Every structure is written in structure tokens, then in C-alpha cells.
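This is input.txt (compact mmCIF, C-alpha atoms).
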```txt
# COMPACT_ATOMS: atom_id res chain seq x y z
CA MET A 1 41.23 17.88 -12.44
CA VAL A 2 37.76 18.27 -10.95
CA THR A 3 38.01 19.16 -7.27
CA LYS A 4 35.98 18.18 -4.23
CA GLU A 5 35.14 21.86 -3.77
CA GLN A 6 33.65 22.05 -7.28
CA VAL A 7 31.43 19.04 -6.53
CA ILE A 8 30.27 20.53 -3.22
CA GLU A 9 29.56 23.84 -4.97
CA ALA A 10 27.53 22.06 -7.67
CA GLN A 11 25.58 20.16 -5.02
CA SER A 12 24.86 23.34 -3.11
CA ALA A 13 23.62 25.06 -6.28
CA TRP A 14 21.41 22.06 -7.11
CA GLY A 15 19.89 22.05 -3.62
CA ALA A 16 19.30 25.80 -3.65
CA GLY A 17 17.64 25.48 -7.07
CA VAL A 18 15.25 22.79 -5.84
CA VAL A 19 14.31 24.99 -2.87
CA LYS A 20 13.80 28.00 -5.18
CA ILE A 21 11.52 26.00 -7.51
CA GLY A 22 9.31 25.14 -4.54
CA SER A 23 9.21 28.76 -3.41
CA LEU A 24 7.77 29.71 -6.83
CA ARG A 25 4.99 27.09 -6.91
CA ASP A 26 2.21 29.69 -6.57
CA ASP A 27 3.42 31.62 -9.63
CA ARG A 28 3.26 28.93 -12.31
CA LEU A 29 4.82 30.92 -15.15
CA GLU A 30 7.78 32.04 -13.06
CA CYS A 31 8.13 28.52 -11.64
CA GLU A 32 8.21 27.00 -15.14
CA SER A 33 10.72 29.58 -16.35
CA TYR A 34 13.01 29.11 -13.37
CA ALA A 35 12.76 25.30 -13.51
CA SER A 36 13.69 25.34 -17.21
CA ALA A 37 16.73 27.53 -16.53
CA PHE A 38 17.64 25.34 -13.51
CA ILE A 39 17.57 22.19 -15.63
CA ASP A 40 19.63 23.87 -18.37
CA LYS A 41 22.25 25.02 -15.85
CA GLN A 42 22.43 21.82 -13.77
CA TYR A 43 21.99 19.06 -16.35
CA LEU A 44 23.69 18.16 -19.63
CA PHE A 45 20.56 17.51 -21.70
CA GLU A 46 21.88 19.72 -24.52
CA ALA A 47 24.55 17.08 -25.24
CA GLY A 48 22.08 14.18 -25.45
CA PRO A 49 20.30 11.84 -23.08
CA VAL A 50 20.98 12.15 -19.36
CA LEU A 51 20.89 9.02 -17.22
CA PHE A 52 18.18 10.35 -14.89
CA LYS A 53 16.35 8.02 -12.52
CA PRO A 54 14.45 10.13 -9.99
CA THR A 55 13.20 8.85 -6.64
CA LYS A 56 9.43 8.87 -6.89
CA CYS A 57 8.82 7.19 -10.24
CA LYS A 58 7.21 3.83 -10.81
CA GLU A 59 5.72 3.73 -14.30
CA GLU A 60 8.31 5.82 -16.13
CA GLN A 61 11.42 5.21 -14.04
CA PHE A 62 13.99 6.70 -16.40
CA ARG A 63 13.91 10.27 -17.72
CA PRO A 64 16.51 10.86 -20.47
CA THR A 65 15.05 14.17 -21.76
CA LYS A 66 14.68 17.68 -20.41
CA ALA A 67 10.89 17.52 -20.82
CA GLU A 68 10.73 14.37 -18.68
CA ALA A 69 12.97 15.95 -16.04
CA ALA A 70 10.78 19.07 -15.96
CA SER A 71 7.73 16.85 -15.60
CA TYR A 72 9.31 15.24 -12.55
CA PHE A 73 10.38 18.49 -10.92
CA ILE A 74 7.26 20.63 -11.48
CA ALA A 75 4.54 18.39 -13.00
CA GLY A 76 1.61 20.56 -14.13
CA GLU A 77 -1.29 19.97 -16.50
CA ASP A 78 1.07 19.60 -19.47
CA ARG A 79 3.44 17.19 -17.70
CA VAL A 80 5.04 14.56 -19.92
CA CYS A 81 4.77 11.76 -17.36
CA LYS A 82 1.30 11.42 -15.89
CA GLU A 83 2.49 9.92 -12.59
CA ASP A 84 4.41 13.07 -11.66
CA GLY A 85 3.29 15.25 -8.79
CA GLY A 86 6.08 17.82 -8.94
CA PHE A 87 8.85 16.72 -6.59
CA ALA A 88 10.49 20.16 -6.36
CA ILE A 89 7.24 22.04 -5.74
CA ASN A 90 6.65 20.08 -2.52
CA PRO A 91 8.06 22.64 -1.37
CA TRP A 92 11.37 22.01 0.38
CA THR A 93 13.05 24.52 2.68
CA ASN A 94 16.49 22.92 2.63
CA VAL A 95 18.48 20.29 0.77
CA ARG A 96 21.64 18.95 2.39
CA PHE A 97 24.13 16.58 0.76
CA GLU A 98 26.19 14.06 2.72
CA ASN A 99 28.74 12.47 0.42
CA SER A 100 29.79 8.91 1.10
CA ASN A 101 32.60 9.28 -1.39
CA LEU A 102 33.69 10.96 -4.59
CA ILE A 103 35.54 9.86 -7.69
CA LEU A 104 37.39 12.81 -9.19
CA GLU A 105 38.90 12.74 -12.67
CA GLU A 106 40.19 15.22 -15.22
CA ASN A 107 36.79 16.18 -16.66
CA ARG A 108 34.38 14.04 -14.64
CA ALA A 109 33.27 13.41 -11.09
CA ILE A 110 30.93 10.93 -9.48
CA ALA A 111 29.39 11.54 -6.07
CA MET A 112 27.42 9.05 -3.99
CA GLY A 113 25.77 9.41 -0.62
CA ASN A 114 22.59 10.62 1.03
CA TYR A 115 20.78 13.87 0.61
CA TYR A 116 18.19 15.21 2.99
CA PHE A 117 15.12 17.23 2.04
CA THR A 118 13.44 19.34 4.73
CA ASP A 119 9.76 20.25 4.26
CA LEU A 120 7.77 23.20 5.64
CA GLU A 121 6.98 21.34 8.89
CA GLY A 122 10.62 20.48 9.50
CA ASN A 123 10.27 16.83 8.49
CA VAL A 124 13.36 15.45 6.81
CA ALA A 125 13.32 12.87 4.00
CA LYS A 126 16.53 10.89 3.56
CA VAL A 127 17.25 9.83 -0.02
CA GLU A 128 20.22 7.96 -1.50
CA TYR A 129 21.84 9.41 -4.61
CA THR A 130 24.53 8.99 -7.22
CA PHE A 131 25.31 12.00 -9.40
CA GLY A 132 27.72 11.93 -12.31
CA TYR A 133 29.15 15.27 -13.40
CA LYS A 134 30.95 16.33 -16.53
CA LEU A 135 33.09 19.46 -16.66
CA VAL A 136 31.76 21.74 -19.41
CA ASP A 137 33.20 25.23 -19.92
CA GLY A 138 34.52 25.25 -16.36
CA GLU A 139 31.22 24.15 -14.75
CA LEU A 140 30.01 20.78 -13.59
CA LYS A 141 26.84 19.55 -15.26
CA ILE A 142 24.92 16.41 -14.31
CA ASP A 143 24.77 13.60 -16.86
CA LEU A 144 23.91 10.85 -14.35
CA HIS A 145 21.30 11.27 -11.60
CA HIS A 146 20.04 8.27 -9.68
CA SER A 147 18.16 8.60 -6.42
CA SER A 148 16.08 6.24 -4.33
CA PHE A 149 14.68 5.83 -0.86
CA PRO A 150 16.79 3.70 1.49
CA TYR A 151 15.90 0.03 1.69
CA ASN A 152 12.97 -0.53 4.05
CA PRO A 153 12.11 -4.23 4.47
```
Take the structure in the file and write it out as C-alpha cells.
Amino acid sequence: MVTKEQVIEAQSAWGAGVVKIGSLRDDRLECESYASAFIDKQYLFEAGPVLFKPTKCKEEQFRPTKAEAASYFIAGEDRVCKEDGGFAINPWTNVRFENSNLILEENRAIAMGNYYFTDLEGNVAKVEYTFGYKLVDGELKIDLHHSSFPYNP
């Protein structure tokens, strides 16, 4: 059975990875290498498409491949999706998850709530998320990632 502690650990690792990507933005080769390893460790792209709908996408809302996820996280001249600016290279100094609730199963977990991204000036962006995790070789990997800004009429 997947535990709450495993989900919190996976969320912490994801947040730390996003912060690390941003810290490497001035060394493009190292940033690309780390981002690739981050995506491999956090996401289940090796098993097929991932249901990935990142926050700041309008034209290409859904990103089922690793290349499209990398484009979203770090952009760059060779980015797959032209609208991407590199979400993770903002950079962020902290990512904090606040779970509304969890569904825990034998080999799966779903988490929903808000996560908060702190920038260099201390500004905090609140984003809503749903992450689906699958237990693979004892580690949780994301196969569903949906995030969006809260409703603002």
C-alpha cells in the first residue's frame, strides 16, 4: 500500500528538483542534463504517455512526451513547444505542497491540493494541482500531472 509519507517524500523531491533546475539556469548544459535526469526520476514517460497538463500553456496544453515536458520546464532554443518560457528556470527558491486530500491504493496514489512557488523576490504563486503516482520498483513516479492557476473572475 502506498503511504502518505511516500507521497510527501515524492512531492518534496519534485519541489527540490524544480528549485535545482532554476539554480542551474546560467549553465545551460548542466541545466539540460539535470532536467533530463529529473524528468526520468519523477515521471513515468518510459512506460508511455504521461497525462501532463502544465499551468502556463495555452497553445499546446497537453504534454504526453518527455521532450514536451522538458520544453515546458527549461525551454531553450531547441524547445519542442514554441510558447514555452521555461517554467522551472524562473528560478524558484522554494516549492511547498499543501495537500487537500490523497487517495492511496496498493500501487497508486492521487494527490490534489495547492502548491506554492516562491521566487527570488519572495513573491509566492499559488497553483492548484493533481498528481497521479504509480509505484515502480519501490518509488513513486508521476503519470498524471495537472496544474492550473486558481479561478480568478
Write out as a ChimeraX atom specification the residues lying within 12 Å of region 92-99 of chain A, counting all atoms listed in the file and excluding same-chain residues fewer than 6 positions away. /A:4,7-25,73,86,110-131
Extract, using only C-alpha atoms, all DNA, RNA and protein residues at most 10 Å from Gly85 (chain A), discarding same-chain residues fewer than 6 positions from it, and format them as a list in words. Lys56, Cys57, Ser71, Tyr72, Phe73, Ile74, Ala75, Gly76 and Arg79 of chain A
At most 12 Å is the cut-off: for each residue in region 115-148 of chain A with any atom that close to an atom of region 34-42 of chain A, write down the nearest atom pair and the distance in Å rounded to one decimal, counting all atoms listed in the file, chain first then increasing number, as a tab-separated table.
```
residue	atom	partner	partner_atom	distance
A:Phe131	CA	A:Gln42	CA	11.1
A:Gly132	CA	A:Gln42	CA	11.3
A:Tyr133	CA	A:Gln42	CA	9.4
A:Lys134	CA	A:Gln42	CA	10.5
A:Leu135	CA	A:Gln42	CA	11.3
A:Val136	CA	A:Lys41	CA	10.7
A:Asp137	CA	A:Lys41	CA	11.7
A:Glu139	CA	A:Lys41	CA	9.1
A:Leu140	CA	A:Gln42	CA	7.7
A:Lys141	CA	A:Gln42	CA	5.2
A:Ile142	CA	A:Gln42	CA	6.0
A:Asp143	CA	A:Gln42	CA	9.1
A:Leu144	CA	A:Gln42	CA	11.1
A:His145	CA	A:Gln42	CA	10.8
```
Met1 (chain A) surroundings by all atoms listed in the file, 7 Å radius, close-in-sequence under 5 positions cut, as a ChimeraX atom specification: /A:105-107
Got time to write the residues from that selection, C-alpha atoms, as a short mmCIF file (atom, residue, chain, number, x, y, z; two decimals), in the frame of the given file?
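Generated output (again.cif):
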```cif
data_model
loop_
_atom_site.label_atom_id
_atom_site.label_comp_id
_atom_site.auth_asym_id
_atom_site.auth_seq_id
_atom_site.Cartn_x
_atom_site.Cartn_y
_atom_site.Cartn_z
CA GLU A 105 38.90 12.74 -12.67
CA GLU A 106 40.19 15.22 -15.22
CA ASN A 107 36.79 16.18 -16.66
#
```
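Counting all atoms listed in the file, the residue from A:Leu51, A:Glu60, A:Ala109, A:Asp27 that sits nearest to Lys82 (chain A) is A:Glu60.
In this model, the gap between CA of Thr55 (chain A) and CA of Ile103 (chain A) comes to 22.4 Å.
A straight line drawn from CA of Val50 (chain A) to CA of Ser147 (chain A) is 13.7 Å long.
Between CA of Phe62 (chain A) and CA of Phe149 (chain A) there is a distance of 15.6 Å.
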Edge lengths and centre in Å to one decimal, as JSON, is what I'm after for the box along x, y and z that holds all listed atoms of region 133-140 of chain A once 3 Å is added on each side.
```
{"center_x": 31.8, "center_y": 20.3, "center_z": -16.7, "size_x": 11.4, "size_y": 16.0, "size_z": 12.5}
```
